[in-house]
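Listing of coords07.cif, mmCIF, C-alpha atoms
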data_structure
loop_
_atom_site.label_atom_id
_atom_site.label_comp_id
_atom_site.auth_asym_id
_atom_site.auth_seq_id
_atom_site.Cartn_x
_atom_site.Cartn_y
_atom_site.Cartn_z
CA MET A 1 185.53 101.54 216.35
CA ALA A 2 185.06 100.71 212.67
CA ILE A 3 188.72 99.84 212.34
CA PHE A 4 188.24 96.93 214.73
CA TYR A 5 185.50 95.39 212.62
CA ILE A 6 187.58 95.81 209.48
CA LEU A 7 190.57 94.12 211.12
CA LEU A 8 188.34 91.37 212.49
CA LEU A 9 186.92 90.70 209.04
CA PHE A 10 190.43 90.65 207.61
CA MET A 11 191.60 88.15 210.18
CA ILE A 12 188.56 85.90 209.75
CA ILE A 13 188.90 85.84 205.97
CA GLY A 14 192.63 85.15 206.29
CA ALA A 15 192.06 82.31 208.72
CA ILE A 16 189.38 80.70 206.55
CA ILE A 17 191.62 80.88 203.48
CA ALA A 18 194.54 79.47 205.48
CA VAL A 19 192.47 76.46 206.47
CA GLU A 20 190.67 75.83 203.20
CA THR A 21 193.31 76.29 200.53
CA ARG A 22 195.39 73.42 199.23
CA ASP A 23 198.44 75.38 198.22
CA LEU A 24 200.87 75.50 201.14
CA LEU A 25 202.45 78.82 200.16
CA SER A 26 199.10 80.60 200.20
CA SER A 27 198.24 78.96 203.49
CA VAL A 28 201.45 80.11 205.15
CA ILE A 29 201.03 83.64 203.82
CA CYS A 30 197.48 83.78 205.19
CA VAL A 31 198.73 82.63 208.61
CA GLY A 32 201.18 85.52 208.46
CA ALA A 33 198.38 87.89 207.51
CA VAL A 34 196.29 86.76 210.49
CA GLY A 35 199.22 87.41 212.83
CA PHE A 36 199.81 90.81 211.26
CA GLY A 37 196.14 91.72 211.69
CA GLY A 38 196.36 90.67 215.32
CA SER A 39 199.36 92.92 215.85
CA LEU A 40 197.54 95.87 214.27
CA MET A 41 194.57 95.17 216.51
CA PHE A 42 196.78 95.25 219.60
CA LEU A 43 198.23 98.54 218.41
CA PHE A 44 194.79 100.10 218.01
CA LEU A 45 193.79 98.76 221.42
CA ARG A 46 196.65 100.82 222.94
CA ALA A 47 198.90 97.90 223.91
CA PRO A 48 202.28 98.50 222.21
CA ASP A 49 204.21 95.92 224.25
CA ILE A 50 202.01 93.09 223.05
CA ALA A 51 202.01 94.47 219.50
CA ILE A 52 205.82 94.37 219.33
CA THR A 53 205.96 90.85 220.76
CA GLN A 54 203.18 89.62 218.47
CA ILE A 55 204.75 90.88 215.27
CA VAL A 56 208.23 89.53 215.97
CA VAL A 57 207.01 86.14 217.21
CA GLU A 58 204.73 85.85 214.20
CA VAL A 59 207.58 86.58 211.80
CA LEU A 60 209.77 83.99 213.54
CA GLY A 61 206.94 81.44 213.47
CA LEU A 62 206.42 82.10 209.77
CA ILE A 63 210.10 81.43 209.11
CA ILE A 64 209.90 78.14 211.01
CA LEU A 65 206.72 77.16 209.12
CA ILE A 66 208.21 77.97 205.74
CA ARG A 67 211.39 76.06 206.54
CA ALA A 68 209.40 73.08 207.72
CA THR A 69 207.07 72.86 204.73
CA ILE A 70 207.92 74.75 201.57
CA ALA A 71 211.69 74.44 201.63
CA ARG A 72 211.22 70.69 201.72
CA ASP A 73 209.44 70.79 198.33
CA ARG A 74 206.04 70.04 199.78
CA THR A 75 203.80 72.54 198.07
CA PHE A 76 200.39 70.89 198.03
CA ILE A 77 198.25 69.33 200.69
CA THR A 78 197.04 65.94 199.61
CA GLY A 79 194.34 63.77 201.05
CA ASP A 80 190.87 64.55 202.25
CA ARG A 81 189.68 65.91 205.52
CA GLU A 82 187.71 63.52 207.64
CA PHE A 83 184.09 64.38 208.26
CA PHE A 84 183.74 63.44 211.92
CA GLY A 85 186.70 65.54 213.03
CA MET A 86 185.36 68.55 211.20
CA VAL A 87 181.93 68.21 212.78
CA VAL A 88 183.39 67.84 216.28
CA SER A 89 185.64 70.89 215.92
CA VAL A 90 182.83 73.06 214.54
CA VAL A 91 180.54 72.05 217.41
CA ILE A 92 183.21 72.79 220.02
CA ILE A 93 184.01 76.17 218.47
CA PHE A 94 180.32 77.05 218.44
CA VAL A 95 179.88 76.12 222.12
CA ILE A 96 182.95 78.17 223.10
CA PHE A 97 181.63 81.09 221.04
CA LEU A 98 178.30 81.03 222.87
CA ALA A 99 180.01 80.88 226.25
CA GLY A 100 182.31 83.73 225.21
CA MET A 101 179.38 85.93 224.23
CA LYS A 102 177.89 85.47 227.68
CA VAL A 103 181.20 86.33 229.36
CA PHE A 104 181.86 89.40 227.24
CA GLU A 105 178.55 90.95 228.25
CA THR A 106 179.78 91.22 231.84
CA LEU A 107 182.97 93.09 230.97
CA PRO A 108 183.03 96.92 231.08
CA SER A 109 183.14 98.62 227.70
CA PHE A 110 186.42 99.56 226.11
CA GLY A 111 187.67 102.86 227.49
CA SER A 112 186.08 102.69 230.92
CA PRO A 113 188.41 100.79 233.23
CA ILE A 114 187.32 98.32 235.85
CA PHE A 115 187.97 100.66 238.76
CA ALA A 116 185.17 102.90 237.55
CA GLU A 117 182.80 100.14 238.61
CA VAL A 118 184.72 98.37 241.40
CA PRO A 119 186.23 101.15 243.53
CA ASP A 120 188.98 99.16 245.22
CA ALA A 121 190.25 97.24 242.23
CA ALA A 122 193.96 96.44 242.08
CA SER A 123 194.43 98.36 238.85
CA LEU A 124 193.79 101.63 240.66
CA THR A 125 196.72 100.89 242.97
CA TYR A 126 198.94 100.08 239.99
CA ILE A 127 198.16 103.36 238.28
CA LYS A 128 198.42 105.53 241.37
CA GLU A 129 201.38 103.98 243.16
CA GLY A 130 203.15 102.34 240.27
CA LEU A 131 205.71 105.02 239.50
CA ARG A 132 206.41 105.81 243.14
CA GLU A 133 206.73 102.27 244.41
CA THR A 134 208.64 100.68 241.56
CA GLY A 135 210.27 103.59 239.77
CA ALA A 136 209.44 102.28 236.31
CA ALA A 137 207.86 104.70 233.87
CA ASN A 138 206.42 101.83 231.85
CA LEU A 139 203.56 100.60 234.03
CA VAL A 140 203.26 97.35 232.09
CA ALA A 141 206.86 96.49 232.99
CA SER A 142 206.20 97.41 236.62
CA VAL A 143 203.21 95.06 236.70
CA ILE A 144 204.82 92.09 235.00
CA LEU A 145 208.18 92.38 236.73
CA ASP A 146 207.38 93.77 240.15
CA TYR A 147 203.78 93.38 241.21
CA ARG A 148 203.19 90.13 239.34
CA ALA A 149 206.73 88.87 238.95
CA TYR A 150 205.72 85.39 240.06
CA ASP A 151 203.60 85.00 236.94
CA THR A 152 206.58 86.02 234.82
CA LEU A 153 208.61 83.34 236.56
CA GLY A 154 205.93 80.83 235.63
CA GLU A 155 205.92 81.98 232.03
CA ALA A 156 209.71 81.81 231.80
CA THR A 157 209.59 78.30 233.26
CA VAL A 158 207.02 77.18 230.70
CA LEU A 159 209.14 78.52 227.84
CA PHE A 160 212.26 76.90 229.27
CA THR A 161 210.53 73.53 229.65
CA ALA A 162 209.12 73.65 226.14
CA ILE A 163 212.54 74.37 224.65
CA ILE A 164 214.13 71.60 226.72
CA GLY A 165 211.43 69.20 225.54
CA ALA A 166 212.00 70.07 221.89
CA THR A 167 215.77 69.82 222.21
CA VAL A 168 215.63 66.48 224.05
CA ILE A 169 213.33 64.87 221.51
CA LEU A 170 215.55 65.93 218.62
CA ARG A 171 218.70 65.19 220.56
CA LYS A 172 219.76 61.78 219.29
CA LYS A 173 220.45 62.86 215.75
CA SER A 174 221.89 66.20 216.80
CA LYS A 175 224.29 64.53 219.17
CA LYS A 176 225.40 62.16 216.48
CA LEU A 177 226.04 65.11 214.19
CA LEU A 178 227.99 66.97 216.85
CA GLU A 179 230.25 64.02 217.55
CA GLU A 180 231.22 63.53 213.95
CA PRO A 181 234.94 63.10 213.40
CA ASP A 182 235.78 66.44 211.92
CA VAL A 183 236.71 67.89 215.31
CA MET B 184 231.94 75.24 193.74
CA ALA B 185 230.15 77.45 191.22
CA GLU B 186 227.01 75.33 191.33
CA LYS B 187 226.86 75.57 195.09
CA GLU B 188 227.29 79.33 195.00
CA LYS B 189 224.52 79.73 192.46
CA ASN B 190 222.08 77.69 194.47
CA PRO B 191 219.34 80.01 195.71
CA ASN B 192 217.49 79.03 198.89
CA GLY B 193 219.54 75.88 199.02
CA ALA B 194 221.34 74.34 201.91
CA LYS B 195 224.39 76.54 201.46
CA GLY B 196 222.79 79.95 201.66
CA MET B 197 221.37 82.51 199.34
CA THR B 198 222.61 84.78 196.59
CA VAL B 199 225.31 87.40 196.90
CA ILE B 200 222.87 90.28 197.24
CA VAL B 201 221.10 88.69 200.19
CA LYS B 202 224.40 87.83 201.87
CA THR B 203 225.77 91.36 201.55
CA ILE B 204 222.65 93.11 202.77
CA SER B 205 222.13 90.72 205.65
CA SER B 206 225.70 91.11 206.83
CA TRP B 207 225.10 94.85 207.12
CA VAL B 208 221.63 94.63 208.61
CA LYS B 209 222.32 91.96 211.24
CA VAL B 210 224.22 94.41 213.43
CA LEU B 211 221.31 96.88 213.36
CA ILE B 212 218.81 94.19 214.31
CA PHE B 213 221.01 93.00 217.18
CA LEU B 214 221.49 96.55 218.43
CA PHE B 215 217.76 97.21 218.21
CA GLY B 216 217.08 94.08 220.26
CA ILE B 217 219.50 95.22 222.94
CA TYR B 218 217.85 98.65 222.97
CA ILE B 219 214.38 97.17 223.43
CA ILE B 220 215.62 95.03 226.34
CA ILE B 221 217.56 97.72 228.15
CA THR B 222 214.89 100.43 227.97
CA GLY B 223 212.12 97.99 228.85
CA HIS B 224 211.19 99.92 231.95
CA LEU B 225 210.84 103.23 230.10
CA THR B 226 209.36 102.48 226.68
CA PRO B 227 207.22 99.59 225.45
CA GLY B 228 209.03 96.36 224.86
CA GLY B 229 210.74 94.53 227.62
CA GLY B 230 212.59 91.29 227.88
CA PHE B 231 210.37 89.03 225.79
CA ALA B 232 210.11 91.16 222.66
CA GLY B 233 213.78 92.12 222.81
CA GLY B 234 214.85 88.51 223.21
CA VAL B 235 212.85 87.45 220.16
CA ILE B 236 214.49 90.26 218.14
CA LEU B 237 217.94 89.05 219.22
CA ALA B 238 217.08 85.51 218.15
CA SER B 239 215.74 86.73 214.82
CA SER B 240 219.02 88.44 213.97
CA TYR B 241 220.75 85.06 214.22
CA VAL B 242 217.94 83.39 212.27
CA LEU B 243 218.49 85.94 209.49
CA LEU B 244 222.13 84.88 209.37
CA MET B 245 221.12 81.25 209.33
CA LEU B 246 218.81 81.77 206.39
CA ALA B 247 221.29 83.82 204.38
CA PHE B 248 224.52 81.93 204.99
CA GLY B 249 223.51 78.42 205.92
CA ARG B 250 223.53 76.65 209.22
CA GLU B 251 227.23 75.79 209.45
CA PHE B 252 228.34 79.39 209.27
CA VAL B 253 226.23 80.32 212.26
CA GLU B 254 227.16 77.17 214.17
CA GLU B 255 230.81 78.19 214.16
CA ASN B 256 229.83 81.45 215.80
CA LEU B 257 227.21 80.27 218.29
CA SER B 258 227.07 76.51 218.48
CA LEU B 259 224.41 74.38 220.13
CA PRO B 260 226.13 73.78 223.53
CA VAL B 261 226.97 77.48 223.90
CA ALA B 262 223.40 78.51 223.09
CA SER B 263 221.91 76.06 225.56
CA ARG B 264 224.30 77.25 228.25
CA LEU B 265 223.34 80.86 227.58
CA ASP B 266 219.72 79.83 227.94
CA CYS B 267 220.37 78.25 231.33
CA VAL B 268 222.44 81.25 232.46
CA GLY B 269 219.55 83.55 231.63
CA ALA B 270 217.06 81.47 233.59
CA LEU B 271 219.41 81.15 236.59
CA LEU B 272 220.09 84.90 236.52
CA PHE B 273 216.37 85.58 236.70
CA ALA B 274 216.02 83.26 239.69
CA ALA B 275 219.10 84.79 241.34
CA VAL B 276 217.73 88.32 240.97
CA ALA B 277 214.56 87.10 242.65
CA LEU B 278 216.27 85.24 245.46
CA PHE B 279 218.58 88.07 246.46
CA GLY B 280 215.54 89.95 247.66
CA LEU B 281 215.32 87.53 250.53
CA PHE B 282 218.68 88.67 251.85
CA PHE B 283 217.83 92.34 251.79
CA GLY B 284 214.37 93.25 252.90
CA ALA B 285 213.54 89.72 254.05
CA ALA B 286 210.04 90.65 252.99
CA SER B 287 209.28 88.40 250.08
CA PHE B 288 210.45 86.69 246.95
CA PHE B 289 210.93 89.15 244.03
CA TYR B 290 211.16 92.09 246.35
CA ASN B 291 212.31 95.13 244.37
CA TYR B 292 215.07 95.76 246.86
CA LEU B 293 217.20 98.08 244.79
CA HIS B 294 214.44 100.60 244.42
CA GLN B 295 212.80 100.39 247.79
CA ASP B 296 215.91 100.65 249.92
CA TYR B 297 218.56 102.52 248.03
CA LEU B 298 216.99 104.72 245.43
CA ALA B 299 213.62 105.50 246.88
CA GLU B 300 214.81 108.79 248.31
CA LYS B 301 216.14 110.24 245.09
CA GLU B 302 213.93 111.26 242.21
CA THR B 303 214.95 108.82 239.54
CA ALA B 304 212.14 108.35 237.15
CA LEU B 305 212.58 108.20 233.37
CA ARG B 306 216.27 107.55 233.67
CA LEU B 307 218.10 104.51 232.41
CA ILE B 308 219.27 103.50 235.88
CA SER B 309 216.03 103.44 237.76
CA ALA B 310 213.29 101.04 238.80
CA GLY B 311 215.54 98.76 240.80
CA THR B 312 215.61 95.14 239.73
CA ILE B 313 213.35 95.62 236.72
CA PRO B 314 216.16 96.24 234.17
CA LEU B 315 218.10 93.29 235.59
CA SER B 316 215.09 91.01 235.19
CA ASN B 317 214.60 92.34 231.66
CA ILE B 318 218.18 91.53 230.72
CA ALA B 319 217.93 88.03 232.18
CA ILE B 320 214.66 87.30 230.40
CA GLY B 321 215.95 88.77 227.13
CA LEU B 322 219.02 86.54 227.24
CA LYS B 323 216.92 83.49 228.01
CA VAL B 324 214.26 84.02 225.37
CA GLY B 325 216.78 84.91 222.68
CA ALA B 326 218.92 81.85 223.32
CA SER B 327 215.84 79.61 223.53
CA LEU B 328 214.34 80.64 220.22
CA PHE B 329 217.69 80.50 218.44
CA LEU B 330 218.15 76.99 219.87
CA VAL B 331 214.76 75.90 218.54
CA VAL B 332 215.44 77.10 215.01
CA LEU B 333 218.94 75.59 215.07
CA VAL B 334 217.76 72.18 216.29
CA LEU B 335 214.86 72.17 213.83
CA SER B 336 217.21 72.89 210.95
CA ILE B 337 219.63 70.14 211.92
CA PHE B 338 216.83 67.62 212.05
CA ARG B 339 214.41 68.06 209.20
CA PRO B 340 212.05 65.41 207.81
CA GLU B 341 212.44 64.33 204.21
CA PRO B 342 209.54 64.97 201.80
CA SER B 343 209.05 61.24 201.38
CA GLY B 344 207.95 61.04 204.99
CA SER B 345 210.84 59.21 206.58
CA LYS B 346 212.79 61.23 209.06
CA GLU B 347 216.41 61.76 208.17
CA GLU B 348 218.97 64.27 209.17
CA ARG B 349 219.88 66.95 206.69
CA ASP B 350 223.12 68.77 206.62
#

Output the file's structure as structure tokens, nothing else.
Amino acid sequence: MAIFYILLLFMIIGAIIAVETRDLLSSVICVGAVGFGGSLMFLFLRAPDIAITQIVVEVLGLIILIRATIARDRTFITGDREFFGMVVSVVIIFVIFLAGMKVFETLPSFGSPIFAEVPDAASLTYIKEGLRETGAANLVASVILDYRAYDTLGEATVLFTAIIGATVILRKKSKKLLEEPDV
Amino acid sequence: MAEKEKNPNGAKGMTVIVKTISSWVKVLIFLFGIYIIITGHLTPGGGFAGGVILASSYVLLMLAFGREFVEENLSLPVASRLDCVGALLFAAVALFGLFFGAASFFYNYLHQDYLAEKETALRLISAGTIPLSNIAIGLKVGASLFLVVLVLSIFRPEPSGSKEERD
């Protein structure tokens, strides 16, 4: 259990440095460190699917961040931070933290699943009947693609819509570049 | 020509060492992404992680060789069509369940009707429609993320603040 507190401290320190520093290279590296700590935490919490996805998405996000900021010769953040916005965000984070503490007290502890307390929980059916009904050895894949495939459809739709939105907004210049007379 | 070749991290790609290594490594990354997608129902991974790995192999090429080199291979219209094909394939896999069992959307028809008698666990061809959904999602996510990085690198803001297109 001590490893979780060490990783949490690492991620908090990385996040604070990423927000507070003025050098953009250090900030981007600390964002990468926070993502890496999150991936390690998922690995120690016995969730390898999420750990793989987290590390590759974080690396891709880092590449996009670096291309957007540092490759354009912007290496320092200029200007001050406004006081009212900082106060509002700190207050909101504090309220969400208090609400989260109250919610986390009602969850079962790590290692004892929910069907130890609620005897007819759905997770018991997934573990008992998962291999026989779906044939997948990876129970996570059987949940996200068979039992709860509708949620995966929703997630794929959200990703599709976001990519369409980004491509449409940046479309005018791209289209002009594609129709240039070197064809 | 010599000044453009010596330009590190510039618009025309990186140094010779980076180009050589990345042209060897890109095949391994692509193959690893395909492996993670195909064995998504046996080992951890699945469509989403494998699709991001596929996209990152093309992003590696884009960083090492420049955007034009990759655009000749996989241009913007082809990538967006691959994205749409992946999404439509996922919806088609779901809708075909209505023809078979007539039970519900996303019915795992291949496993329930055909293969449920035989003992096919831990094999590559098992679990019905789950590998097909994984392949569709992997194709879609990979094409989407490659499209985002490609469009963002065509259209980049200038450091002075005014938005221009860079080549």

Item to complete: Return as a VMD selection string the set of residues that the PyMOL selection byres ((chain A) within 8 of (chain B)) yields on the displayed structure.
Response: chain A and resid 48 to 50 52 to 53 56 to 57 60 64 67 to 68 71 to 74 131 133 to 139 141 to 142 145 to 146 149 to 150 156 159 to 160 163 166 to 167 170 173 to 174

Practice prompt. Tell me, as a ChimeraX atom specification, which residues lie within 12 Å of Glu117 in chain A, counting all atoms listed in the file; anything in the same chain fewer than 4 positions away does not count.
Written response: /A:106-109,112-113,121,123-124

Item to complete: Find the residues near Val201 in chain B: any atom within 9 Å, counting all atoms listed in the file, skip ones fewer than 5 places away on the same chain, and give them as a PyMOL selection string.
Response: chain B and resi 206+247-248

Discussion item. One number please: CA of Thr21 in chain A to CA of Ile92 in chain A, in Å, one decimal.
Written reply: 22.2 Å

Discussion item. Could you tell me how far CA of Val276 in chain B sits from CA of Leu315 in chain B, in Å to one decimal place?
Written reply: 7.3 Å

Discussion item. One number please: CA of Lys209 in chain B to CA of Val253 in chain B, in Å, one decimal.
Written reply: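 Pair CA of Lys209 in chain B / CA of Val253 in chain B returns 12.3 Å.
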
Write out as AutoDock Vina command-line options an axis-aligned box for range 253-262 of chain B: all of its atoms listed in the file, 5 Å added on each side, centre and edge lengths in Å with one decimal.
--center_x 227.1 --center_y 77.6 --center_z 218.1 --size_x 17.4 --size_y 17.7 --size_z 21.6

Worksheet item: Got a sec to resolve the PyMOL selection byres ((chain A and resi 30) around 7) on this structure and send the residues as a PyMOL selection string?
Response: chain A and resi 14-15+17-18+26-29+31-34

Worksheet entry | Distance criterion (all atoms listed in the file): nearest to Ile66 in chain A out of A:Glu105, A:Leu25, A:Thr157, A:Ala47 |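 Closest candidate: A:Leu25.
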
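Remark: for Leu278 in chain B, the closest of the candidate residues A:Ile12, A:Leu40, A:Leu153, A:Ile127 is A:Leu153 (distances computed over all atoms listed in the file).
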
Fill in: Nearest to Leu244 in chain B by atom-to-atom distance, counting all atoms listed in the file, from B:Ser205, B:Arg264, B:Leu211, B:Ile217
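Once distances to Leu244 in chain B are computed over all atoms listed in the file, the minimum belongs to B:Ser205.
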
Model the absent atoms of range 92-105 of chain A so that N, CA and C atoms are present, and write the result as an mmCIF file, in the frame of the given file.
data_model
loop_
_atom_site.group_PDB
_atom_site.id
_atom_site.type_symbol
_atom_site.label_atom_id
_atom_site.label_comp_id
_atom_site.auth_asym_id
_atom_site.auth_seq_id
_atom_site.Cartn_x
_atom_site.Cartn_y
_atom_site.Cartn_z
ATOM 1 N N ILE A 92 182.490 72.265 218.854
ATOM 2 C CA ILE A 92 183.210 72.790 220.020
ATOM 3 C C ILE A 92 183.432 74.293 219.881
ATOM 4 N N ILE A 93 183.798 74.741 218.669
ATOM 5 C CA ILE A 93 184.010 76.170 218.470
ATOM 6 C C ILE A 93 182.718 76.940 218.695
ATOM 7 N N PHE A 94 181.599 76.378 218.269
ATOM 8 C CA PHE A 94 180.320 77.050 218.440
ATOM 9 C C PHE A 94 179.959 77.167 219.915
ATOM 10 N N VAL A 95 180.208 76.091 220.688
ATOM 11 C CA VAL A 95 179.880 76.120 222.120
ATOM 12 C C VAL A 95 180.757 77.163 222.833
ATOM 13 N N ILE A 96 182.057 77.199 222.474
ATOM 14 C CA ILE A 96 182.950 78.170 223.100
ATOM 15 C C ILE A 96 182.548 79.591 222.713
ATOM 16 N N PHE A 97 182.076 79.767 221.475
ATOM 17 C CA PHE A 97 181.630 81.090 221.040
ATOM 18 C C PHE A 97 180.424 81.551 221.839
ATOM 19 N N LEU A 98 179.461 80.656 222.076
ATOM 20 C CA LEU A 98 178.300 81.030 222.870
ATOM 21 C C LEU A 98 178.688 81.398 224.299
ATOM 22 N N ALA A 99 179.569 80.577 224.885
ATOM 23 C CA ALA A 99 180.010 80.880 226.250
ATOM 24 C C ALA A 99 180.760 82.209 226.292
ATOM 25 N N GLY A 100 181.563 82.478 225.262
ATOM 26 C CA GLY A 100 182.310 83.730 225.210
ATOM 27 C C GLY A 100 181.405 84.933 225.090
ATOM 28 N N MET A 101 180.313 84.809 224.330
ATOM 29 C CA MET A 101 179.380 85.930 224.230
ATOM 30 C C MET A 101 178.781 86.257 225.591
ATOM 31 N N LYS A 102 178.458 85.209 226.357
ATOM 32 C CA LYS A 102 177.890 85.470 227.680
ATOM 33 C C LYS A 102 178.912 86.141 228.603
ATOM 34 N N VAL A 103 180.180 85.747 228.493
ATOM 35 C CA VAL A 103 181.200 86.330 229.360
ATOM 36 C C VAL A 103 181.470 87.770 228.973
ATOM 37 N N PHE A 104 181.506 88.055 227.661
ATOM 38 C CA PHE A 104 181.860 89.400 227.240
ATOM 39 C C PHE A 104 180.793 90.427 227.587
ATOM 40 N N GLU A 105 179.572 89.972 227.861
ATOM 41 C CA GLU A 105 178.550 90.950 228.250
ATOM 42 C C GLU A 105 178.816 91.505 229.639
#
